[in-house]
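Structure data (mmCIF, C-alpha atoms) from work.cif:
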```cif
data_input
loop_
_atom_site.label_atom_id
_atom_site.label_comp_id
_atom_site.auth_asym_id
_atom_site.auth_seq_id
_atom_site.Cartn_x
_atom_site.Cartn_y
_atom_site.Cartn_z
CA MET A 1 121.54 118.43 125.35
CA LEU A 2 123.59 121.60 125.13
CA ALA A 3 120.31 123.53 125.15
CA LEU A 4 119.48 122.17 128.61
CA ILE A 5 122.42 123.73 130.47
CA GLU A 6 119.75 126.08 131.75
CA PRO A 7 116.23 124.83 132.54
CA LEU A 8 113.99 125.04 129.47
CA HIS A 9 110.62 123.69 128.34
CA GLY A 10 109.95 121.93 125.05
CA TYR A 11 109.27 124.80 122.70
CA ALA A 12 112.17 126.84 124.11
CA VAL A 13 114.45 123.86 123.43
CA MET A 14 113.32 123.69 119.78
CA HIS A 15 113.98 127.39 119.46
CA LYS A 16 117.37 127.25 121.10
CA VAL A 17 118.54 124.26 119.05
CA GLU A 18 117.69 126.15 115.88
CA GLN A 19 119.50 129.23 117.19
CA ILE A 20 122.67 127.47 118.40
CA SER A 21 122.95 125.49 115.16
CA GLN A 22 122.35 128.65 113.13
CA GLY A 23 119.30 127.12 111.52
CA THR A 24 121.00 123.90 110.42
CA VAL A 25 119.28 121.66 112.96
CA ARG A 26 115.56 121.60 113.58
CA VAL A 27 113.82 119.33 116.04
CA GLY A 28 110.17 118.42 115.49
CA PRO A 29 107.80 118.09 118.48
CA GLY A 30 107.34 114.35 117.94
CA THR A 31 111.08 113.77 118.04
CA LEU A 32 111.62 116.05 121.02
CA TYR A 33 108.88 114.40 123.10
CA GLY A 34 110.69 111.07 122.66
CA VAL A 35 114.11 112.62 123.39
CA PHE A 36 112.88 113.97 126.75
CA ASP A 37 111.61 110.50 127.66
CA THR A 38 114.88 108.81 126.68
CA LEU A 39 117.12 111.34 128.44
CA VAL A 40 115.04 111.27 131.63
CA ALA A 41 115.14 107.45 131.64
CA ALA A 42 118.94 107.57 131.15
CA GLY A 43 119.25 109.99 134.07
CA LEU A 44 120.83 112.68 131.90
CA ILE A 45 118.12 115.30 132.40
CA VAL A 46 115.54 115.90 135.08
CA MET A 47 112.20 117.72 135.20
CA VAL A 48 112.57 120.84 137.32
CA LYS A 49 109.32 122.74 136.85
CA GLU A 50 105.80 122.29 135.55
CA GLU A 51 103.87 125.35 134.53
CA ASN A 52 100.86 125.79 132.23
CA ARG A 53 101.15 122.19 131.00
CA ARG A 54 104.79 122.81 130.04
CA LYS A 55 107.50 120.81 131.75
CA SER A 56 110.98 122.28 132.09
CA TYR A 57 114.03 120.06 132.11
CA LYS A 58 117.64 120.54 133.11
CA LEU A 59 120.87 118.56 132.79
CA THR A 60 121.83 116.36 135.75
CA MET A 61 125.44 115.92 136.93
CA LYS A 62 125.66 112.76 134.85
CA GLY A 63 124.16 114.66 131.92
CA LYS A 64 126.83 117.35 132.19
CA GLU A 65 129.60 114.74 132.22
CA VAL A 66 128.19 113.00 129.15
CA LEU A 67 127.80 116.34 127.37
CA LEU A 68 131.45 117.27 128.06
CA ILE A 69 132.69 113.90 126.77
CA GLN A 70 130.56 114.32 123.66
CA ILE A 71 131.84 117.85 123.01
CA LYS A 72 135.44 116.67 123.44
CA ARG A 73 134.82 113.87 120.92
CA LEU A 74 133.21 116.21 118.41
CA GLU A 75 136.06 118.69 118.86
CA ILE A 76 138.67 116.05 118.01
CA MET A 77 136.66 114.96 114.98
CA THR A 78 136.17 118.53 113.76
CA ARG A 79 139.87 119.35 114.21
CA LYS A 80 140.98 116.22 112.32
CA GLY A 81 138.30 116.81 109.70
CA LEU A 82 139.41 120.41 109.10
CA SER A 83 143.11 119.55 108.83
CA ALA A 84 142.28 116.73 106.42
CA THR A 85 140.15 118.94 104.17
CA ASN A 86 142.82 121.66 104.22
CA ARG A 87 145.08 119.29 102.33
CA LEU A 88 142.48 118.68 99.61
CA MET B 1 75.50 130.05 107.45
CA GLU B 2 74.97 126.45 108.44
CA LYS B 3 78.24 124.56 108.59
CA THR B 4 78.04 121.42 106.52
CA LYS B 5 79.85 118.25 107.38
CA ILE B 6 80.52 115.15 105.38
CA THR B 7 81.66 111.77 106.63
CA LYS B 8 83.93 109.39 104.77
CA PHE B 9 84.69 105.79 105.56
CA ARG B 10 88.21 104.85 104.68
CA TRP B 11 90.67 102.23 105.88
CA PHE B 12 94.40 102.82 106.24
CA TRP B 13 96.84 100.25 107.56
CA PRO B 14 99.19 101.48 110.27
CA TRP B 15 102.18 101.56 107.89
CA GLN B 16 100.25 103.75 105.45
CA ASP B 17 100.46 106.84 107.63
CA GLU B 18 102.00 108.90 104.84
CA VAL B 19 99.30 107.80 102.37
CA GLU B 20 96.70 108.86 104.93
CA GLU B 21 98.38 112.25 105.51
CA ASN B 22 98.48 112.80 101.76
CA TRP B 23 94.83 111.96 101.39
CA LEU B 24 93.87 114.43 104.15
CA GLU B 25 95.96 117.15 102.47
CA LYS B 26 94.20 116.54 99.14
CA MET B 27 90.82 116.66 100.88
CA SER B 28 91.70 120.06 102.39
CA GLN B 29 92.76 121.33 98.97
CA LYS B 30 89.22 120.43 97.81
CA GLY B 31 87.71 122.27 100.78
CA TYR B 32 87.09 119.33 103.11
CA HIS B 33 88.87 119.89 106.40
CA LEU B 34 89.17 117.05 108.89
CA SER B 35 87.22 117.84 112.06
CA SER B 36 87.12 114.50 113.85
CA VAL B 37 87.91 110.81 113.50
CA ARG B 38 85.74 108.00 114.88
CA LEU B 39 86.12 104.24 115.17
CA PRO B 40 86.40 102.10 113.17
CA CYS B 41 87.54 104.51 110.46
CA PHE B 42 85.09 107.36 109.97
CA TYR B 43 86.57 110.70 108.94
CA LYS B 44 84.39 113.77 109.50
CA PHE B 45 85.11 116.81 107.36
CA LEU B 46 83.95 120.39 107.62
CA VAL B 47 83.09 121.89 104.24
CA ALA B 48 84.76 125.28 103.72
CA GLU B 49 87.10 127.19 101.44
CA PRO B 50 89.98 125.08 100.07
CA ARG B 51 93.20 125.53 102.06
CA ASP B 52 96.75 124.23 101.98
CA TYR B 53 97.22 122.23 105.13
CA VAL B 54 99.95 119.81 106.11
CA TYR B 55 98.62 116.83 108.08
CA ARG B 56 100.75 114.68 110.37
CA THR B 57 99.91 111.68 112.52
CA ASP B 58 101.60 110.08 115.50
CA TYR B 59 100.91 106.86 117.41
CA GLN B 60 100.78 107.52 121.14
CA THR B 61 99.16 106.05 124.20
CA PHE B 62 99.60 107.92 127.45
CA HIS B 63 98.19 109.02 130.76
CA LYS B 64 96.16 112.21 130.98
CA LYS B 65 98.98 114.32 132.40
CA ASP B 66 101.52 113.24 129.81
CA ARG B 67 98.97 113.96 127.11
CA GLN B 68 98.67 117.58 128.24
CA GLU B 69 102.41 118.08 128.03
CA TYR B 70 102.53 116.34 124.66
CA LEU B 71 99.68 118.39 123.14
CA GLN B 72 101.10 121.64 124.54
CA LEU B 73 104.45 120.90 122.90
CA PHE B 74 102.78 120.39 119.51
CA GLN B 75 100.62 123.48 119.97
CA ASP B 76 103.70 125.58 120.83
CA ALA B 77 105.34 124.32 117.64
CA GLY B 78 102.37 125.60 115.64
CA TRP B 79 100.38 122.38 115.23
CA GLU B 80 96.62 122.28 115.57
CA TYR B 81 95.34 119.14 117.29
CA ILE B 82 92.35 117.57 115.58
CA GLY B 83 91.74 114.42 117.56
CA GLU B 84 92.56 110.79 117.95
CA LEU B 85 91.48 107.46 116.58
CA SER B 86 92.58 104.61 118.81
CA THR B 87 96.28 105.46 119.25
CA SER B 88 96.57 107.75 116.21
CA GLN B 89 96.92 111.45 117.00
CA TYR B 90 96.03 113.88 114.20
CA PHE B 91 97.68 117.27 113.74
CA ARG B 92 97.67 119.90 111.04
CA LYS B 93 99.46 123.10 110.20
CA GLU B 94 98.92 125.63 107.46
CA ALA B 95 101.47 125.20 104.65
CA LYS B 96 103.44 128.44 104.84
CA GLN B 97 106.96 129.08 103.69
CA GLY B 98 109.76 128.87 106.24
CA GLU B 99 107.79 126.56 108.53
CA THR B 100 108.91 123.10 109.66
CA PHE B 101 106.49 120.43 108.58
CA GLU B 102 108.02 117.32 110.03
CA ILE B 103 107.08 116.30 113.54
CA PHE B 104 109.82 113.66 113.40
CA THR B 105 113.13 115.13 112.33
CA ASP B 106 115.27 112.01 112.48
CA ILE B 107 114.96 108.39 111.36
CA GLU B 108 115.19 106.98 114.92
CA SER B 109 112.12 108.83 116.14
CA LYS B 110 110.22 107.84 113.00
CA ILE B 111 111.13 104.20 113.67
CA ALA B 112 110.11 104.67 117.32
CA LYS B 113 106.68 105.75 116.08
CA TYR B 114 106.20 102.43 114.24
CA LYS B 115 107.60 100.53 117.21
CA ARG B 116 104.94 102.09 119.45
CA ILE B 117 102.14 100.84 117.21
CA LEU B 118 103.90 97.46 116.99
CA THR B 119 103.91 97.13 120.78
CA TYR B 120 100.26 98.14 120.87
CA LEU B 121 99.27 95.59 118.21
CA GLY B 122 101.52 93.00 119.83
CA SER B 123 99.69 93.23 123.17
CA PHE B 124 96.33 92.71 121.43
CA TYR B 125 97.87 89.84 119.55
CA LEU B 126 98.87 88.11 122.80
CA ILE B 127 95.39 88.64 124.28
CA SER B 128 93.81 87.07 121.17
CA ILE B 129 96.16 84.10 121.31
CA VAL B 130 95.25 83.55 124.97
CA ALA B 131 91.55 83.87 124.12
CA VAL B 132 91.85 81.13 121.50
CA GLY B 133 94.46 79.03 123.26
CA VAL B 134 93.06 78.73 126.79
CA PRO B 135 89.72 77.10 125.81
CA ILE B 136 91.57 74.70 123.49
CA LEU B 137 93.99 73.65 126.24
CA THR B 138 91.41 73.42 129.03
CA ASP B 139 88.77 71.95 126.72
CA VAL B 140 86.07 74.19 128.19
CA PRO B 141 84.35 75.80 125.22
CA TYR B 142 82.18 78.82 125.88
CA PRO B 143 78.91 79.49 124.05
CA TRP B 144 79.23 80.41 120.37
CA TRP B 145 82.74 78.95 120.58
CA GLY B 146 82.95 78.07 116.89
CA VAL B 147 81.95 81.55 115.72
CA ILE B 148 84.22 83.29 118.23
CA GLN B 149 87.11 81.07 117.22
CA VAL B 150 86.69 81.95 113.54
CA ILE B 151 86.48 85.68 114.32
CA ILE B 152 89.56 85.63 116.55
CA ILE B 153 91.59 83.64 114.02
CA PHE B 154 90.57 86.11 111.32
CA ILE B 155 91.70 89.01 113.54
CA LEU B 156 94.96 87.18 114.29
CA LEU B 157 95.64 86.84 110.56
CA LEU B 158 95.04 90.56 110.03
CA PHE B 159 97.35 91.36 112.93
CA THR B 160 100.03 89.04 111.61
CA TYR B 161 99.86 90.82 108.25
CA ALA B 162 99.98 94.26 109.90
CA ILE B 163 102.93 93.30 112.09
CA ILE B 164 104.91 91.88 109.15
CA ARG B 165 104.27 95.02 107.06
CA LEU B 166 105.30 97.26 109.96
CA VAL B 167 108.53 95.32 110.45
CA ILE B 168 109.26 95.69 106.71
CA ARG B 169 108.58 99.45 106.95
CA ILE B 170 111.00 99.76 109.90
CA ARG B 171 113.67 97.86 107.95
CA GLN B 172 113.20 100.20 104.96
CA LEU B 173 113.70 103.22 107.23
CA ARG B 174 116.82 101.68 108.80
CA LYS B 175 118.42 101.49 105.35
CA LEU B 176 117.99 105.22 104.74
#
```

Could you write out this structure as structure tokens?
Amino acid sequence: MLALIEPLHGYAVMHKVEQISQGTVRVGPGTLYGVFDTLVAAGLIVMVKEENRRKSYKLTMKGKEVLLIQIKRLEIMTRKGLSATNRL
Amino acid sequence: MEKTKITKFRWFWPWQDEVEENWLEKMSQKGYHLSSVRLPCFYKFLVAEPRDYVYRTDYQTFHKKDRQEYLQLFQDAGWEYIGELSTSQYFRKEAKQGETFEIFTDIESKIAKYKRILTYLGSFYLISIVAVGVPILTDVPYPWWGVIQVIIIFILLLFTYAIIRLVIRIRQLRKL
């Protein structure tokens, strides 16, 4: 979802996910096709452009809110996780 | 040089997608490259130099426009589209280092794949039940009723088996 802060089409999303995660997360086309469907149905992303058989999507307001909540949650977990492992 | 083709007849159940992919990969290593698939289960191969290909299948039914987007996405990710057989979509990619070979990169989307074929089989299942049930209830047999009944019941049994095996496969994946 972070990848869709700016409008992107499928392949660009795969590329960006790999880049942001520094190669630790890869999304296959089959998985991504389903993710687009699910996120559109949940109203978290919206199709903004269709060009050369490639659809571009972008986060909606609701999508941005959900993303921020998710990031906050992950941040808390990472912080707690780091301080716990420091004591190991 | 004339391009030679061979055709093979082989049956795979819908939960044997990985067995099927493996078989296609072995065929390519022997120099038989899948060129098309036809109902009920004919596989056409082009005879050429052996190559290392990775084959992947998906179960999808969609409208024409969605299909274009779907196929473009796979093509952008480096997958060559071979064709479809009923709802099965066939893709391949050359096995090179550093490439991603999974079209489904999490368990949920893999399960969703089996759920799609389950829904598809399920709708046929309902139609078959109606086809057998309505004449029984209304007592209006159509011609060849006995034969049709036997055929439909046989199909229903096959479907029941397929559906049970698919549910088992989904459960296995959930445990991973």

Report as lines of an AutoDock Vina configuration file the centre and the edge lengths, in Å to one decimal, of the axis-aligned box holding every listed atom of stretch 51-56 of chain A, padded by 5 Å on each side.
```
center_x = 105.9
center_y = 123.3
center_z = 132.3
size_x = 20.1
size_y = 15.0
size_z = 14.5
```

* If you count all atoms listed in the file, which residues fall within 10 Å of B:Trp13, apart from same-chain ones fewer than 3 positions away, as a list in words? ->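 Here the answer would be Gln16, Asp17, Val19, Glu20, Tyr161, Ala162, Arg165 and Leu166 of chain B.
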
* List the residues matched by the PyMOL selection byres ((chain B) within 12 of (chain A)) in the displayed structure as a PyMOL selection string, ordered by chain and then by residue number. => chain B and resi 56-60+64-79+89-91+98-113+116

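Between atom CA of B:Val54 and atom CA of B:Glu84 lies a distance of 16.6 Å.
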
* Mind listing as JSON, numbers by chain all residues within 10 Å of (86.5, 108.7, 113.8), counting all atoms listed in the file? -> {"B": [7, 8, 9, 35, 36, 37, 38, 39, 40, 41, 42, 43, 44, 83, 84, 85, 86]}

* Just how far from atom CA of B:Ile170 is atom CA of B:Trp15, in Å to one decimal? -> 9.2 Å

* Do a neighbour search on B:Ile127 at 12 Å with all atoms listed in the file, toss out local chain neighbours closer than 6 positions, and write the hits as a ChimeraX atom specification. => /B:120-121,133-134,152,155-156,159

May I have the selected residues written with C-alpha atoms, as a PDB file, keeping the file's coordinate frame?
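Result written to part-v8.pdb:
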```pdb
ATOM      1  CA  TYR B 120     100.260  98.140 120.870  1.00  0.00           C
ATOM      2  CA  LEU B 121      99.270  95.590 118.210  1.00  0.00           C
ATOM      3  CA  GLY B 133      94.460  79.030 123.260  1.00  0.00           C
ATOM      4  CA  VAL B 134      93.060  78.730 126.790  1.00  0.00           C
ATOM      5  CA  ILE B 152      89.560  85.630 116.550  1.00  0.00           C
ATOM      6  CA  ILE B 155      91.700  89.010 113.540  1.00  0.00           C
ATOM      7  CA  LEU B 156      94.960  87.180 114.290  1.00  0.00           C
ATOM      8  CA  PHE B 159      97.350  91.360 112.930  1.00  0.00           C
TER       9      PHE B 159
END
```

* What gap, in Å, lies between atom CA of B:Ile6 and atom CA of B:Ser28? ->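 Straight-line distance from atom CA of B:Ile6 to atom CA of B:Ser28 works out to 12.6 Å.
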
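Distances here use only C-alpha atoms; by that measure, the residue among A:Gly43, A:Pro7, A:Gly23, A:Gly81 closest to A:Gly63 is A:Gly43.
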
* Would you list the contacts of A:Leu67 as a VMD selection string, taking every protein, DNA or RNA residue within 8 Å and counting only C-alpha atoms, but skipping same-chain residues closer than 3 positions in sequence? => chain A and resid 1 to 2 63 to 64 70 to 71

Mind dumping the selected residues with C-alpha atoms as a short mmCIF file (atom, residue, chain, number, x, y, z; two decimals), keeping the file's coordinate frame?
```cif
data_model
loop_
_atom_site.label_atom_id
_atom_site.label_comp_id
_atom_site.auth_asym_id
_atom_site.auth_seq_id
_atom_site.Cartn_x
_atom_site.Cartn_y
_atom_site.Cartn_z
CA MET A 1 121.54 118.43 125.35
CA LEU A 2 123.59 121.60 125.13
CA GLY A 63 124.16 114.66 131.92
CA LYS A 64 126.83 117.35 132.19
CA GLN A 70 130.56 114.32 123.66
CA ILE A 71 131.84 117.85 123.01
#
```

* Residue neighbourhood A:Ile45, 6 Å, only C-alpha atoms, exclusion window fewer than 4 positions, as a ChimeraX atom specification -> /A:39-40,58-60
